Amino acid sequence: MKKLYMKKLGMVLLMVGLTWPVLLADYSSKKNTTGDYESASTWISPGKFNGPPPVDGNVKQALIIETGSIVTRNGDFNPVTVTVNGRFIVNGNYTNNQGGGVTVEKDAVLEIFGDLAASANITVKGGGTLIVHGNLTSSNAGIESHGDLIVVGDFSTASSTTVKNTGNLVVGGNFTHLGGGFTVNGDLSDTKVYILNPEAVITAPDWSLVNDPAIIGNLEDFLQDEGTSDLGKIVTDAIIAVSPIFGYQWKTTNVNSSWSTGSNWAGNIAPKADYHVRIKASTGSYPEIVMSDRIVEIKDLTI
């Protein structure tokens with residue numbers, strides 16, 4: 001009888017252990033599901049709260065986007081603690097000022113189509129991706145990124161913000177570092193901090209690593225290092241191709257003269273209708289549009 005009791009107890013403990021990560025969160029999305037944040041069918045509620053999180057986006061309890069989930073928040077978002085294991089899209093501004101902040105886990109994506117304002121921690125694990133289509137502003141907290149952190153607009157940290165970057169930090173606008181700690185990989189050859197805009201205003205104290213040319217790369221460095229990578233494709237679509245400052249670029253060492261051959265272009269795809277296209281002096285061929293290309297449509301062209 002005692003053995004049977006212990007066996008049942010062991011099974012109960014095992015089940016609790018398997019569900020413990022879920023129980024830690026007050027709101028968890030269903031695994032392997034696609035849905036809107038505002039829809040009750042997107043969520044499970046194993047804790048004391050029944051139903052979905054508040055539809056106004058002001059969340060006072062911990063929230064998890066589970067593995068395999070694609071959840072879209074249609075509006076601004078003001079949570080306490082968020083862990084992203086799947087893909088979380090915020091169609092609005094994200095205020096990250098409470099609790100444990102936000103963590104993007106390995107192979108997860110958080111994409112914000114507004115600004116990210118933070119006085120709580122931002123953590124991007126290795127293999128994770130955080131994309132901010134607006135500006136990122138951080139104060140009284142820390143930014144620790146071992147994955148890909150992409151800011152289409154301005155990147156700004158206060159003197160009380162510490163930044164630890166061992167992944168890729170890509171900024172399309174101005175770069176401000178007002179004196180908090182800024183550390184990078186010990187091997188500077190592996191450090192990837194790119195400020196793409198040649199006219200960007202860089203503000204930092206004299207001692208800051210941001211002033212070290214061995215650490216900061218420009219647009220040309222980025223295209224050379226990451227042009228054919230998954231990161232290169234993300235940045236091309238989010239920043240380079242849609243910005244009149246940069247323009248989607250014809251490779252200076254191209255395969256042939258065909259406009260429609262993707263490998264002739266920086267992002268390895270031919271330009272799309274919403275792309276600003278730039279053709280610089282080339283050591284190879286210049287692009288030709290032929291009848292077989294049918295209609296070619298782009299946003300504008302700079303030669």
# chains A, B, ... in the order shown; residues from 1 in each chain; ligands from 1

$ select_by_dssp --residues "range 51-245 of chain A" --states "alpha helix (DSSP H)" --output "list in words"
Leu219, Glu220, Asp221, Phe222, Leu223, Gln224, Asp225, Glu226, Asp230, Leu231, Gly232, Lys233, Ile234 and Val235 of chain A

$ closest_residue --among "A:Val90, A:Ile239, A:Val290, A:Ala62" --to "Gly75 in chain A" --atoms "only C-alpha atoms"
A:Val90

$ closest_residue --among "A:Ala40, A:Ala270, A:Val242, A:Ile70" --to "Asp293 in chain A" --atoms "only C-alpha atoms"
A:Ala270

$ select_by_dssp --residues "range 1-245 of chain A" --states "strand (DSSP E)" --output "number ranges by chain"
A: 27-29, 34-36, 43-44, 63-65, 70-73, 81-84, 87-90, 94-96, 101-104, 109-112, 116-118, 122-124, 129-132, 136-138, 142-145, 148-151, 155-157, 162-165, 168-171, 175-177, 182-184, 192-195, 202-203, 216-217

$ residues_around --residues "Ile195 in chain A" --least-positions-apart "4" --cutoff "7 Å" --atoms "only C-alpha atoms" --output "mmCIF file with C-alpha atoms, in the first residue's frame"
data_model
loop_
_atom_site.group_PDB
_atom_site.id
_atom_site.type_symbol
_atom_site.label_atom_id
_atom_site.label_comp_id
_atom_site.auth_asym_id
_atom_site.auth_seq_id
_atom_site.Cartn_x
_atom_site.Cartn_y
_atom_site.Cartn_z
ATOM 1 C CA VAL A 170 21.236 47.162 -36.051
ATOM 2 C CA VAL A 171 19.986 50.767 -35.927
ATOM 3 C CA GLY A 172 18.470 52.728 -38.798
ATOM 4 C CA ILE A 216 30.522 50.236 -35.136
ATOM 5 C CA GLY A 217 29.785 49.172 -38.712
ATOM 6 C CA ASN A 218 27.957 51.131 -41.417
#

$ atom_distance --atom1 "CA of Ile122 in chain A" --atom2 "CA of Val102 in chain A"
5.3 Å
